[in-house]
$ cat start_11.cif   # mmCIF, C-alpha atoms
data_run
loop_
_atom_site.label_atom_id
_atom_site.label_comp_id
_atom_site.auth_asym_id
_atom_site.auth_seq_id
_atom_site.Cartn_x
_atom_site.Cartn_y
_atom_site.Cartn_z
CA MET A 1 5.15 -18.25 21.41
CA SER A 2 7.50 -15.29 21.20
CA TYR A 3 9.52 -14.38 18.14
CA SER A 4 12.77 -16.32 17.86
CA GLU A 5 16.13 -14.73 17.19
CA HIS A 6 16.16 -16.51 13.83
CA GLU A 7 12.82 -14.92 12.88
CA GLN A 8 14.05 -11.51 13.91
CA ILE A 9 17.24 -11.86 11.87
CA GLU A 10 15.22 -13.07 8.89
CA GLU A 11 13.00 -10.02 9.28
CA GLN A 12 15.98 -7.68 9.43
CA ILE A 13 17.52 -9.17 6.30
CA HIS A 14 14.24 -8.77 4.41
CA PHE A 15 13.87 -5.18 5.56
CA SER A 16 17.49 -4.39 4.68
CA ASN A 17 16.89 -5.75 1.17
CA ILE A 18 13.89 -3.49 0.71
CA VAL A 19 15.91 -0.47 1.79
CA ALA A 20 18.54 -1.52 -0.76
CA THR A 21 15.82 -1.58 -3.42
CA PHE A 22 15.00 2.06 -2.68
CA GLU A 23 18.69 2.97 -2.72
CA ARG A 24 19.39 1.19 -6.01
CA TYR A 25 16.42 2.55 -7.88
CA GLU A 26 18.56 5.01 -9.87
CA GLN A 27 21.12 2.45 -10.98
CA HIS A 28 18.44 -0.07 -11.99
CA SER A 29 16.26 2.46 -13.80
CA ILE A 30 19.11 4.12 -15.69
CA SER A 31 20.11 0.69 -17.00
CA ALA A 32 16.91 0.62 -19.07
CA ASN A 33 18.05 3.76 -20.87
CA VAL A 34 21.52 2.28 -21.32
CA ARG A 35 19.85 -0.62 -23.12
CA ARG A 36 17.86 1.80 -25.31
CA ARG A 37 21.01 3.69 -26.27
CA LYS A 38 22.78 0.46 -27.17
CA ASP A 39 19.84 -0.58 -29.32
CA PHE A 40 19.88 2.83 -30.99
CA LEU A 41 23.50 2.34 -32.01
CA ARG A 42 22.64 -0.98 -33.65
CA LEU A 43 20.27 0.75 -36.08
CA PRO A 44 21.22 1.85 -39.59
CA VAL A 45 22.73 5.34 -39.62
CA GLU A 46 19.78 6.80 -41.54
CA ASP A 47 17.36 5.49 -38.89
CA GLN A 48 19.50 6.94 -36.12
CA THR A 49 19.44 10.28 -37.90
CA LEU A 50 15.65 10.30 -38.16
CA LEU A 51 15.20 9.40 -34.51
CA ASP A 52 17.69 12.10 -33.52
CA GLU A 53 15.80 14.66 -35.61
CA ILE A 54 12.50 13.97 -33.82
CA GLY A 55 14.14 14.33 -30.38
CA TRP A 56 14.19 10.67 -29.34
CA LYS A 57 17.79 10.77 -28.05
CA SER A 58 17.25 13.97 -26.11
CA LYS A 59 14.14 12.41 -24.56
CA LEU A 60 16.39 9.73 -23.05
CA ASP A 61 18.47 12.47 -21.43
CA ASP A 62 15.29 13.97 -19.96
CA ILE A 63 14.27 10.55 -18.66
CA ASP A 64 17.66 10.18 -16.96
CA THR A 65 17.12 13.52 -15.24
CA ALA A 66 13.64 12.47 -14.06
CA ILE A 67 15.01 9.15 -12.77
CA GLN A 68 17.60 11.06 -10.76
CA ALA A 69 14.86 13.26 -9.28
CA ASN A 70 12.86 10.16 -8.27
CA ALA A 71 15.99 8.63 -6.77
CA ARG A 72 16.64 11.68 -4.60
CA PHE A 73 13.09 11.45 -3.26
CA LEU A 74 13.35 7.70 -2.61
CA ARG A 75 16.66 8.13 -0.79
CA LYS A 76 14.98 10.62 1.53
CA ILE A 77 12.41 7.96 2.45
CA VAL A 78 15.09 5.50 3.58
CA MET A 79 17.52 8.08 4.95
CA ASN A 80 16.61 7.00 8.49
CA PRO A 81 15.29 3.44 8.20
CA GLU A 82 16.18 2.70 11.83
CA ILE A 83 12.68 3.91 12.74
CA PHE A 84 11.52 0.46 11.59
CA GLU A 85 14.41 -1.62 12.84
CA GLY A 86 13.93 -1.64 16.59
CA GLY A 87 11.82 -0.47 19.47
CA GLU A 88 14.53 1.63 21.04
CA HIS A 89 14.99 4.05 18.11
CA ALA A 90 13.70 7.56 17.73
CA GLU A 91 9.98 8.24 17.72
CA ASP A 92 8.04 10.97 16.00
CA ASP A 93 6.28 13.56 18.12
CA ARG A 94 2.95 11.97 17.25
CA GLY A 95 3.95 8.58 18.60
CA ASP A 96 4.82 5.17 17.17
CA ILE A 97 3.23 2.56 15.04
CA ASP A 98 4.73 -0.83 15.73
CA ALA A 99 4.30 -3.86 13.56
CA LYS A 100 4.22 -7.61 13.54
CA SER A 101 3.47 -9.57 10.44
CA GLU A 102 4.01 -12.58 8.30
CA GLN A 103 4.51 -10.56 5.15
CA THR A 104 4.00 -12.03 1.72
CA GLU A 105 4.08 -9.95 -1.38
CA LEU A 106 1.00 -9.99 -3.56
CA GLN A 107 -0.18 -9.30 -7.03
CA SER A 108 -0.75 -5.59 -7.49
CA HIS A 109 -4.13 -4.07 -8.30
CA ASP A 110 -2.50 -1.50 -10.53
CA MET A 111 -1.85 -3.90 -13.41
CA PRO A 112 -3.64 -7.24 -13.63
CA SER A 113 -1.21 -10.03 -14.37
CA HIS A 114 -1.31 -11.80 -17.71
CA GLY A 115 1.63 -14.05 -17.01
CA SER A 116 2.53 -17.04 -14.95
CA PRO A 117 2.70 -16.96 -11.15
CA SER A 118 6.40 -16.26 -11.38
CA ASP A 119 5.62 -13.13 -13.34
CA THR A 120 3.57 -11.70 -10.51
CA ALA A 121 6.41 -11.71 -8.03
CA HIS A 122 5.37 -13.26 -4.73
CA ASP A 123 7.90 -12.37 -2.07
CA HIS A 124 7.38 -14.59 0.97
CA SER A 125 9.13 -12.65 3.64
CA HIS A 126 8.58 -11.99 7.31
CA SER A 127 7.99 -8.84 9.26
CA HIS A 128 7.35 -8.63 12.97
CA SER A 129 7.98 -5.13 14.27
CA HIS A 130 8.54 -1.63 13.02
CA SER A 131 8.19 1.58 14.97
CA PHE A 132 5.64 3.87 13.46
CA MET A 133 2.82 5.87 14.95
CA GLY A 134 -0.01 5.02 17.32
CA SER A 135 0.05 1.38 18.40
CA ARG A 136 2.09 -0.50 20.98
CA HIS A 137 3.13 -3.90 19.63
CA SER A 138 6.91 -3.76 19.85
CA HIS A 139 9.74 -6.25 19.95
CA ASP A 140 13.43 -5.62 20.38
CA HIS A 141 15.21 -6.28 17.12
CA SER A 142 18.61 -6.19 18.73
CA PRO A 143 20.07 -9.32 17.07
CA SER A 144 22.01 -7.89 14.19
CA HIS A 145 24.93 -10.21 13.58
CA ASN A 146 25.24 -12.15 10.33
CA ILE A 147 23.07 -9.64 8.48
CA PRO A 148 24.55 -8.89 5.07
CA SER A 149 25.00 -5.29 4.00
CA ARG A 150 22.01 -4.07 2.03
CA MET A 151 24.39 -2.59 -0.52
CA ARG A 152 25.39 -6.13 -1.50
CA TYR A 153 21.80 -7.00 -2.36
CA ARG A 154 20.94 -6.82 -6.05
CA PRO A 155 17.23 -6.00 -6.33
CA SER A 156 15.31 -8.11 -8.81
CA GLU A 157 12.95 -6.79 -11.45
CA SER A 158 10.04 -7.80 -9.22
CA ASP A 159 11.56 -5.77 -6.35
CA MET A 160 11.70 -2.75 -8.61
CA ASP A 161 8.19 -3.38 -9.92
CA LYS A 162 6.87 -3.11 -6.37
CA LEU A 163 8.78 0.12 -5.88
CA ARG A 164 7.41 1.55 -9.13
CA SER A 165 3.92 0.56 -7.98
CA THR A 166 4.51 2.44 -4.73
CA ILE A 167 5.46 5.56 -6.71
CA LYS A 168 2.18 5.30 -8.64
CA GLN A 169 0.32 4.75 -5.37
CA LEU A 170 1.69 8.11 -4.20
CA VAL A 171 -0.22 9.72 -7.05
CA ARG A 172 -3.43 7.87 -6.16
CA ASP A 173 -3.30 8.77 -2.46
CA TRP A 174 -1.39 12.04 -2.28
CA GLY A 175 -1.40 13.72 -5.69
CA GLU A 176 -3.93 16.09 -7.21
CA GLU A 177 -3.95 13.79 -10.24
CA GLY A 178 -5.24 10.97 -8.03
CA ARG A 179 -8.29 12.94 -6.93
CA ALA A 180 -10.61 11.23 -9.46
CA GLU A 181 -9.74 7.76 -8.13
CA ARG A 182 -10.07 8.91 -4.52
CA GLU A 183 -13.48 10.43 -5.24
CA ALA A 184 -14.60 7.25 -6.99
CA CYS A 185 -13.42 4.95 -4.20
CA TYR A 186 -12.95 6.77 -0.90
CA THR A 187 -15.75 9.32 -1.10
CA PRO A 188 -18.66 6.80 -1.32
CA MET A 189 -17.23 4.88 1.62
CA ILE A 190 -16.79 7.97 3.78
CA ASN A 191 -20.22 9.30 2.86
CA ARG A 192 -21.83 6.01 3.88
CA LEU A 193 -19.86 6.02 7.14
CA LEU A 194 -21.10 9.53 7.91
CA GLU A 195 -24.66 8.56 7.05
CA HIS A 196 -24.59 5.52 9.32
CA PHE A 197 -23.34 7.55 12.29
CA SER A 198 -25.36 10.67 11.50
CA GLN A 199 -27.11 10.43 14.87
CA VAL A 200 -23.79 10.66 16.70
CA PRO A 201 -23.08 14.29 17.68
CA VAL A 202 -20.14 15.64 15.73
CA GLU A 203 -18.18 16.30 18.90
CA GLU A 204 -18.57 12.62 19.89
CA ARG A 205 -17.32 11.08 16.62
CA ARG A 206 -13.94 10.44 18.18
CA ASN A 207 -15.61 7.80 20.32
CA VAL A 208 -16.49 5.82 17.18
CA ARG A 209 -13.66 3.45 16.24
CA VAL A 210 -13.03 2.81 12.54
CA LEU A 211 -10.53 0.31 11.11
CA VAL A 212 -9.05 0.46 7.59
CA PRO A 213 -7.19 -2.80 6.77
CA GLY A 214 -4.89 -2.70 3.76
CA ALA A 215 -4.44 1.03 4.25
CA GLY A 216 -1.67 1.37 1.65
CA LEU A 217 -0.27 4.89 1.90
CA ALA A 218 -2.91 5.79 4.50
CA ARG A 219 -4.94 8.50 2.73
CA LEU A 220 -8.34 6.90 3.33
CA ALA A 221 -7.57 6.33 7.00
CA LEU A 222 -6.29 9.88 7.42
CA ASP A 223 -9.36 11.35 5.71
CA VAL A 224 -11.64 9.37 8.05
CA ALA A 225 -9.73 10.71 11.06
CA LYS A 226 -9.79 14.25 9.70
CA LEU A 227 -13.26 14.94 8.25
CA GLY A 228 -13.13 18.67 8.67
CA ASP A 229 -12.55 19.36 12.33
CA GLU A 230 -14.32 16.33 13.79
CA GLY A 231 -13.22 12.98 12.42
CA PHE A 232 -13.62 9.47 13.76
CA ALA A 233 -11.05 7.52 15.74
CA CYS A 234 -9.37 5.71 12.88
CA GLN A 235 -6.66 3.09 12.63
CA GLY A 236 -5.09 1.91 9.39
CA ASN A 237 -3.34 -1.42 8.98
CA GLU A 238 -0.70 -2.21 6.35
CA PHE A 239 1.89 -4.97 5.95
CA SER A 240 3.99 -3.90 2.94
CA HIS A 241 7.37 -2.43 3.89
CA HIS A 242 7.37 -0.43 0.67
CA MET A 243 4.09 1.19 1.71
CA LEU A 244 5.09 1.56 5.36
CA LEU A 245 8.38 3.29 4.66
CA THR A 246 6.73 5.64 2.20
CA SER A 247 3.67 6.42 4.30
CA TYR A 248 5.85 7.09 7.35
CA PHE A 249 7.80 9.64 5.33
CA ILE A 250 4.69 11.35 3.97
CA LEU A 251 2.86 11.37 7.30
CA ASN A 252 5.74 12.34 9.55
CA ARG A 253 8.46 14.00 7.50
CA THR A 254 6.48 16.35 5.25
CA GLU A 255 6.41 20.02 6.13
CA CYS A 256 4.24 21.58 3.42
CA THR A 257 1.92 20.70 0.57
CA HIS A 258 3.47 19.95 -2.83
CA GLU A 259 6.85 19.60 -1.14
CA HIS A 260 8.03 16.70 -3.30
CA THR A 261 8.08 16.24 -7.06
CA ILE A 262 8.02 12.78 -8.62
CA TYR A 263 7.89 11.42 -12.15
CA PRO A 264 5.65 8.34 -11.92
CA TYR A 265 5.18 7.53 -15.61
CA ILE A 266 8.74 7.33 -16.93
CA HIS A 267 9.31 3.62 -16.41
CA SER A 268 7.66 2.37 -19.58
CA PHE A 269 7.53 3.89 -23.05
CA SER A 270 4.59 1.71 -24.13
CA ASN A 271 1.22 3.34 -24.87
CA THR A 272 2.53 6.87 -24.28
CA ARG A 273 1.00 9.68 -26.32
CA SER A 274 3.92 12.10 -26.16
CA ALA A 275 7.17 12.91 -24.44
CA ALA A 276 5.33 15.52 -22.39
CA ALA A 277 2.88 12.87 -21.11
CA LEU A 278 5.72 10.49 -20.29
CA LEU A 279 7.73 13.13 -18.46
CA ARG A 280 4.99 14.98 -16.64
CA SER A 281 5.61 15.47 -12.95
CA VAL A 282 3.30 15.14 -9.96
CA THR A 283 3.75 17.10 -6.75
CA ILE A 284 2.85 15.56 -3.41
CA PRO A 285 1.18 15.77 -0.99
CA ASP A 286 -1.90 17.74 -2.01
CA VAL A 287 -2.82 18.14 1.67
CA LEU A 288 -0.60 18.41 4.72
CA PRO A 289 -0.97 15.12 6.65
CA SER A 290 0.16 16.67 9.93
CA ASP A 291 -2.64 19.22 9.76
CA LEU A 292 -4.96 17.12 11.91
CA PRO A 293 -7.38 18.80 14.27
CA GLU A 294 -6.28 18.90 17.88
CA GLY A 295 -7.32 15.74 19.69
CA SER A 296 -7.61 13.63 16.56
CA ASP A 297 -7.23 9.89 17.06
CA PHE A 298 -5.30 8.50 14.07
CA SER A 299 -2.86 5.59 14.02
CA LEU A 300 -1.30 3.16 11.61
CA VAL A 301 -0.43 -0.37 12.67
CA ALA A 302 2.07 -2.29 10.58
CA GLY A 303 1.63 -6.01 10.23
CA ASP A 304 -0.41 -8.89 8.89
CA PHE A 305 -4.17 -8.37 9.23
CA GLU A 306 -4.90 -11.93 10.31
CA GLU A 307 -2.07 -12.02 12.83
CA ILE A 308 -2.80 -8.67 14.47
CA TYR A 309 -6.60 -8.68 14.42
CA GLY A 310 -7.32 -12.41 14.39
CA ALA A 311 -6.44 -13.25 17.98
CA GLU A 312 -9.50 -14.32 19.98
CA GLU A 313 -7.60 -13.64 23.20
CA ASN A 314 -4.32 -11.96 24.12
CA ASP A 315 -1.40 -14.09 22.94
CA ALA A 316 2.25 -14.55 23.86
CA ARG A 317 3.43 -12.48 20.91
CA GLY A 318 1.81 -9.36 22.30
CA HIS A 319 -1.30 -9.31 20.13
CA GLU A 320 -4.26 -7.98 22.08
CA THR A 321 -7.63 -9.40 21.20
CA GLN A 322 -9.68 -7.09 19.02
CA VAL A 323 -12.98 -8.92 19.52
CA GLY A 324 -15.90 -6.47 19.39
CA LYS A 325 -13.65 -3.40 19.50
CA TRP A 326 -14.51 -1.77 16.14
CA ASP A 327 -17.67 0.12 15.28
CA ALA A 328 -16.92 0.19 11.54
CA ILE A 329 -14.48 -1.39 9.11
CA LEU A 330 -13.68 0.02 5.67
CA THR A 331 -12.07 -2.34 3.16
CA CYS A 332 -10.99 -0.77 -0.12
CA PHE A 333 -9.35 -3.10 -2.68
CA PHE A 334 -8.50 -5.41 0.22
CA ILE A 335 -10.50 -8.61 0.58
CA ASP A 336 -8.93 -10.28 -2.47
CA THR A 337 -5.57 -10.25 -0.67
CA ALA A 338 -6.87 -13.19 1.38
CA LYS A 339 -5.38 -16.64 1.08
CA ASN A 340 -8.47 -17.93 2.87
CA ILE A 341 -11.41 -15.56 2.44
CA VAL A 342 -13.42 -17.48 5.04
CA ASN A 343 -10.93 -16.51 7.73
CA TYR A 344 -10.91 -12.87 6.59
CA LEU A 345 -14.71 -12.76 6.87
CA ARG A 346 -14.66 -14.42 10.30
CA ILE A 347 -12.13 -11.89 11.60
CA LEU A 348 -14.07 -8.93 10.17
CA HIS A 349 -17.22 -10.23 11.85
CA ARG A 350 -15.51 -11.07 15.14
CA ILE A 351 -13.82 -7.70 15.67
CA LEU A 352 -16.91 -5.64 14.88
CA ALA A 353 -19.05 -4.53 17.79
CA PRO A 354 -22.66 -5.81 17.75
CA GLY A 355 -24.49 -3.89 15.05
CA GLY A 356 -21.21 -2.60 13.62
CA ILE A 357 -20.88 -2.05 9.88
CA TRP A 358 -18.44 -3.22 7.25
CA ILE A 359 -18.22 -1.06 4.12
CA ASN A 360 -16.49 -2.74 1.20
CA LEU A 361 -15.35 -1.60 -2.24
CA GLY A 362 -13.14 -3.57 -4.58
CA PRO A 363 -12.68 -6.32 -7.15
CA LEU A 364 -11.77 -9.98 -6.69
CA LEU A 365 -8.28 -10.16 -8.15
CA TRP A 366 -7.24 -13.05 -5.92
CA HIS A 367 -3.64 -12.19 -5.14
CA PHE A 368 -2.38 -15.71 -4.46
CA GLU A 369 -4.10 -17.45 -7.35
CA ASN A 370 -1.63 -19.75 -9.18
CA ASN A 371 1.16 -18.83 -6.79
CA ALA A 372 4.40 -20.74 -7.17
CA THR A 373 5.24 -21.00 -3.47
CA ASN A 374 2.62 -23.51 -2.30
CA ASP A 375 0.62 -20.94 -0.36
CA ILE A 376 -3.03 -21.72 0.23
CA SER A 377 -5.30 -19.82 -2.15
CA ILE A 378 -9.07 -20.18 -1.99
CA GLU A 379 -10.68 -18.28 -4.87
CA VAL A 380 -14.43 -17.76 -4.78
CA ASP A 381 -16.76 -15.73 -6.94
CA LEU A 382 -18.64 -12.62 -5.87
CA GLN A 383 -21.87 -14.41 -5.03
CA GLU A 384 -19.95 -16.96 -2.96
CA VAL A 385 -18.25 -14.15 -1.01
CA LYS A 386 -21.64 -12.65 -0.18
CA THR A 387 -23.16 -16.01 0.70
CA LEU A 388 -20.25 -16.80 3.01
CA ALA A 389 -20.58 -13.37 4.65
CA ARG A 390 -24.28 -13.95 5.32
CA LYS A 391 -23.62 -17.41 6.77
CA ILE A 392 -20.98 -15.95 9.08
CA GLY A 393 -23.43 -13.36 10.39
CA PHE A 394 -23.58 -10.30 8.13
CA GLU A 395 -26.63 -8.65 6.65
CA ILE A 396 -25.61 -7.15 3.30
CA SER A 397 -27.34 -4.17 1.71
CA GLU A 398 -26.76 -1.30 -0.70
CA GLU A 399 -25.01 -3.50 -3.26
CA ARG A 400 -23.87 -1.70 -6.37
CA VAL A 401 -21.06 -1.51 -8.90
CA ILE A 402 -18.60 1.38 -8.99
CA GLU A 403 -16.40 1.61 -12.06
CA THR A 404 -12.93 2.84 -11.21
CA THR A 405 -9.31 2.68 -12.22
CA TYR A 406 -6.43 1.92 -9.86
CA THR A 407 -3.18 3.92 -10.04
CA SER A 408 -4.04 4.63 -13.65
CA ASP A 409 -2.14 6.92 -15.99
CA SER A 410 -4.89 9.16 -17.34
CA SER A 411 -2.79 10.03 -20.41
CA SER A 412 -1.98 6.47 -21.38
CA MET A 413 -3.35 4.79 -24.51
CA LEU A 414 -4.16 1.77 -22.32
CA GLY A 415 -6.24 1.64 -19.15
CA TYR A 416 -7.86 -0.98 -16.94
CA VAL A 417 -11.27 -0.25 -15.42
CA TYR A 418 -12.51 -2.28 -12.47
CA LYS A 419 -16.21 -2.90 -12.01
CA ALA A 420 -15.68 -2.83 -8.28
CA GLU A 421 -18.36 -4.09 -5.93
CA PHE A 422 -19.65 -1.82 -3.19
CA TRP A 423 -21.72 -2.99 -0.24
CA VAL A 424 -22.59 -2.23 3.34
CA ALA A 425 -22.75 -5.19 5.73
CA ARG A 426 -24.06 -5.08 9.29
CA LYS A 427 -23.09 -7.54 12.01
CA VAL A 428 -26.35 -9.16 13.01
CA SER A 429 -25.18 -12.22 14.95
CA SER A 430 -22.24 -13.12 17.12
#

$ encode --input "start_11.cif" --output "structure tokens"
Amino acid sequence: MSYSEHEQIEEQIHFSNIVATFERYEQHSISANVRRRKDFLRLPVEDQTLLDEIGWKSKLDDIDTAIQANARFLRKIVMNPEIFEGGEHAEDDRGDIDAKSEQTELQSHDMPSHGSPSDTAHDHSHSHSHSFMGSRHSHDHSPSHNIPSRMRYRPSESDMDKLRSTIKQLVRDWGEEGRAEREACYTPMINRLLEHFSQVPVEERRNVRVLVPGAGLARLALDVAKLGDEGFACQGNEFSHHMLLTSYFILNRTECTHEHTIYPYIHSFSNTRSAAALLRSVTIPDVLPSDLPEGSDFSLVAGDFEEIYGAEENDARGHETQVGKWDAILTCFFIDTAKNIVNYLRILHRILAPGGIWINLGPLLWHFENNATNDISIEVDLQEVKTLARKIGFEISEERVIETTYTSDSSSMLGYVYKAEFWVARKVSS
């Protein structure tokens, strides 16, 4: 069944709203400081004087300036959003990534929810095709009538929360300050991948196909494809438009290291140690993404993991079967995005080649638990995940716990530490 015009229009409206969220970041963020200034004026005069003497009012001015700097960066990301809006638009020199997905927004790993399902902001939207880099799953998004202007859209607090999370993700994947998290999470996975394929001559690594579902801003996938001068053939997969827009910009529109300056920690005054900690900047990227060795095989496919990789045979929507096509799969903070973990495990097993390996690291923060939109959500414990994997045909080894943060502010007075589970699973039956 091909995509209907209604589905394509729905997709375009959703995408237009996300672009509007990027564009309205400054207005929305400045409003928080407007509220603070109003509250300041409601205080007794002697309290206002004390706060003024310690620099509190001038700190708000500095925050405004940092918000404006973030806004300039975010506007650059969506300056040319047409790259995602249709197959006929301009391509980057390194090719396209096209997407198809049934996109649903999830809980974020960066701050575990303590509220009701409505507090965790589930956005049940649709996404079928966006030009990017590497794959060929395109649809024409030509229907454009009856689509409201994105400037009429008023982003919600949950829209902005996702955008703020994306800014923090930039630090994790592309900032020097995120190195500790990358070394805790990505390095053990890459080292185990290298160990498993140590018998493969370095010059033949590009014949080994590695998939990274839930690639986020694509650093892990890029590092796997890079690996000095001889990386693996690596494909990332991501469904979030916020991540896709941002990763496209970093991967394809960045000309030098430390080109962009962002202020990721200015959005909340809680648990901050000082104005300097709140206002500190991060420059990105710490490496030049385009500096891939000649002949590297790196791509990013946008879309829903189950829809793109779950097909057992080629389907009418253009999804090619991936059965047995991957030599290794790396899942980092990914498997708990499943509505039905059994199906995730079946797909992982099905698309691996015989003897292929699945390297996992992450918690079990089930993203759809207690959702308010009637989505299926099957939550299982760690031992049940492993038992299901074994029943489906995996042999699990090298199980251990890795303690790590996720998009953490190292200067904050509050931090969450995940006791993330690491394992290596080999496909032993078909």

$ atom_distance --input "start_11.cif" --atom1 "CA of Val428 (chain A)" --atom2 "CA of Glu395 (chain A)"
6.4 Å

$ residues_around --input "start_11.cif" --residues "region 35-42 of chain A" --least-positions-apart "3" --cutoff "9 Å" --atoms "all atoms listed in the file" --output "PyMOL selection string"
chain A and resi 30-32+45+47-48+51+57+60

$ resolve_selection --input "start_11.cif" --expression "the PyMOL selection byres ((chain A and resi 346-354) around 8)" --output "JSON, numbers by chain"
{"A": [306, 309, 310, 322, 323, 324, 325, 326, 327, 328, 329, 342, 343, 344, 345, 355, 356, 357, 358, 392, 393, 394, 427, 428, 429, 430]}

$ residues_around --input "start_11.cif" --residues "Asp62 (chain A)" --least-positions-apart "4" --cutoff "8 Å" --atoms "all atoms listed in the file" --output "PyMOL selection string"
chain A and resi 58+66+279

$ write_last_selection --input "start_11.cif" --atoms "C-alpha atoms" --output "compact mmCIF listing (two decimals), keeping the file's coordinate frame"
# COMPACT_ATOMS: atom_id res chain seq x y z
CA SER A 58 17.25 13.97 -26.11
CA ALA A 66 13.64 12.47 -14.06
CA LEU A 279 7.73 13.13 -18.46

$ atom_distance --input "start_11.cif" --atom1 "CA of Ser408 (chain A)" --atom2 "CA of His267 (chain A)"
13.7 Å

$ atom_distance --input "start_11.cif" --atom1 "CA of Thr65 (chain A)" --atom2 "CA of Val282 (chain A)"
14.9 Å

$ resolve_selection --input "start_11.cif" --expression "the PyMOL selection byres ((chain A and resi 67) around 9)" --output "PyMOL selection string"
chain A and resi 25-26+29-30+62-66+68-72+262-263+266-267

$ closest_residue --input "start_11.cif" --among "A:Glu177, A:Glu307, A:Asp336, A:Asp52" --to "Asn360 (chain A)" --atoms "only C-alpha atoms"
A:Asp336

$ closest_residue --input "start_11.cif" --among "A:Val208, A:Ala180, A:Leu244, A:Leu163" --to "Thr404 (chain A)" --atoms "all atoms listed in the file"
A:Ala180

$ residues_around --input "start_11.cif" --residues "Val424 (chain A)" --least-positions-apart "2" --cutoff "6 Å" --atoms "all atoms listed in the file" --output "number ranges by chain"
A: 358-359, 396-398

$ closest_residue --input "start_11.cif" --among "A:Ile54, A:Met413, A:Cys256, A:Val210" --to "Arg273 (chain A)" --atoms "all atoms listed in the file"
A:Met413

$ closest_residue --input "start_11.cif" --among "A:Ser156, A:Ser4, A:Ser274, A:Ser165" --to "Tyr406 (chain A)" --atoms "only C-alpha atoms"
A:Ser165

$ closest_residue --input "start_11.cif" --among "A:Ser410, A:Ser198, A:Asn80, A:Ser296" --to "Glu230 (chain A)" --atoms "all atoms listed in the file"
A:Ser296

$ decode --input "start_11.cif" --residues "region 28-38 of chain A" --atoms "N, CA, C and O atoms" --output "tab-separated table (two decimals), in the first residue's frame"
chain	number	residue	atom	x	y	z
A	28	HIS	N	10.10	31.97	22.55
A	28	HIS	CA	9.64	31.14	23.66
A	28	HIS	C	10.60	31.21	24.84
A	28	HIS	O	10.19	31.32	26.00
A	29	SER	N	11.89	31.16	24.55
A	29	SER	CA	12.89	31.13	25.62
A	29	SER	C	13.01	32.48	26.33
A	29	SER	O	13.16	32.54	27.55
A	30	ILE	N	12.94	33.56	25.56
A	30	ILE	CA	13.00	34.89	26.16
A	30	ILE	C	11.82	35.11	27.10
A	30	ILE	O	11.93	35.82	28.12
A	31	SER	N	10.69	34.49	26.80
A	31	SER	CA	9.50	34.69	27.63
A	31	SER	C	9.74	34.22	29.07
A	31	SER	O	9.12	34.75	30.00
A	32	ALA	N	10.61	33.23	29.27
A	32	ALA	CA	10.93	32.79	30.63
A	32	ALA	C	11.62	33.90	31.40
A	32	ALA	O	11.37	34.09	32.61
A	33	ASN	N	12.49	34.64	30.74
A	33	ASN	CA	13.15	35.77	31.40
A	33	ASN	C	12.19	36.94	31.62
A	33	ASN	O	12.33	37.70	32.59
A	34	VAL	N	11.24	37.10	30.72
A	34	VAL	CA	10.21	38.12	30.93
A	34	VAL	C	9.46	37.83	32.22
A	34	VAL	O	9.20	38.72	33.03
A	35	ARG	N	9.12	36.55	32.40
A	35	ARG	CA	8.43	36.15	33.63
A	35	ARG	C	9.29	36.42	34.85
A	35	ARG	O	8.81	36.95	35.88
A	36	ARG	N	10.60	36.13	34.78
A	36	ARG	CA	11.49	36.38	35.92
A	36	ARG	C	11.55	37.87	36.24
A	36	ARG	O	11.58	38.27	37.41
A	37	ARG	N	11.61	38.70	35.21
A	37	ARG	CA	11.68	40.14	35.46
A	37	ARG	C	10.38	40.66	36.09
A	37	ARG	O	10.40	41.54	36.97
A	38	LYS	N	9.26	40.12	35.65
A	38	LYS	CA	7.99	40.52	36.26
A	38	LYS	C	7.94	40.10	37.73
A	38	LYS	O	7.47	40.86	38.59
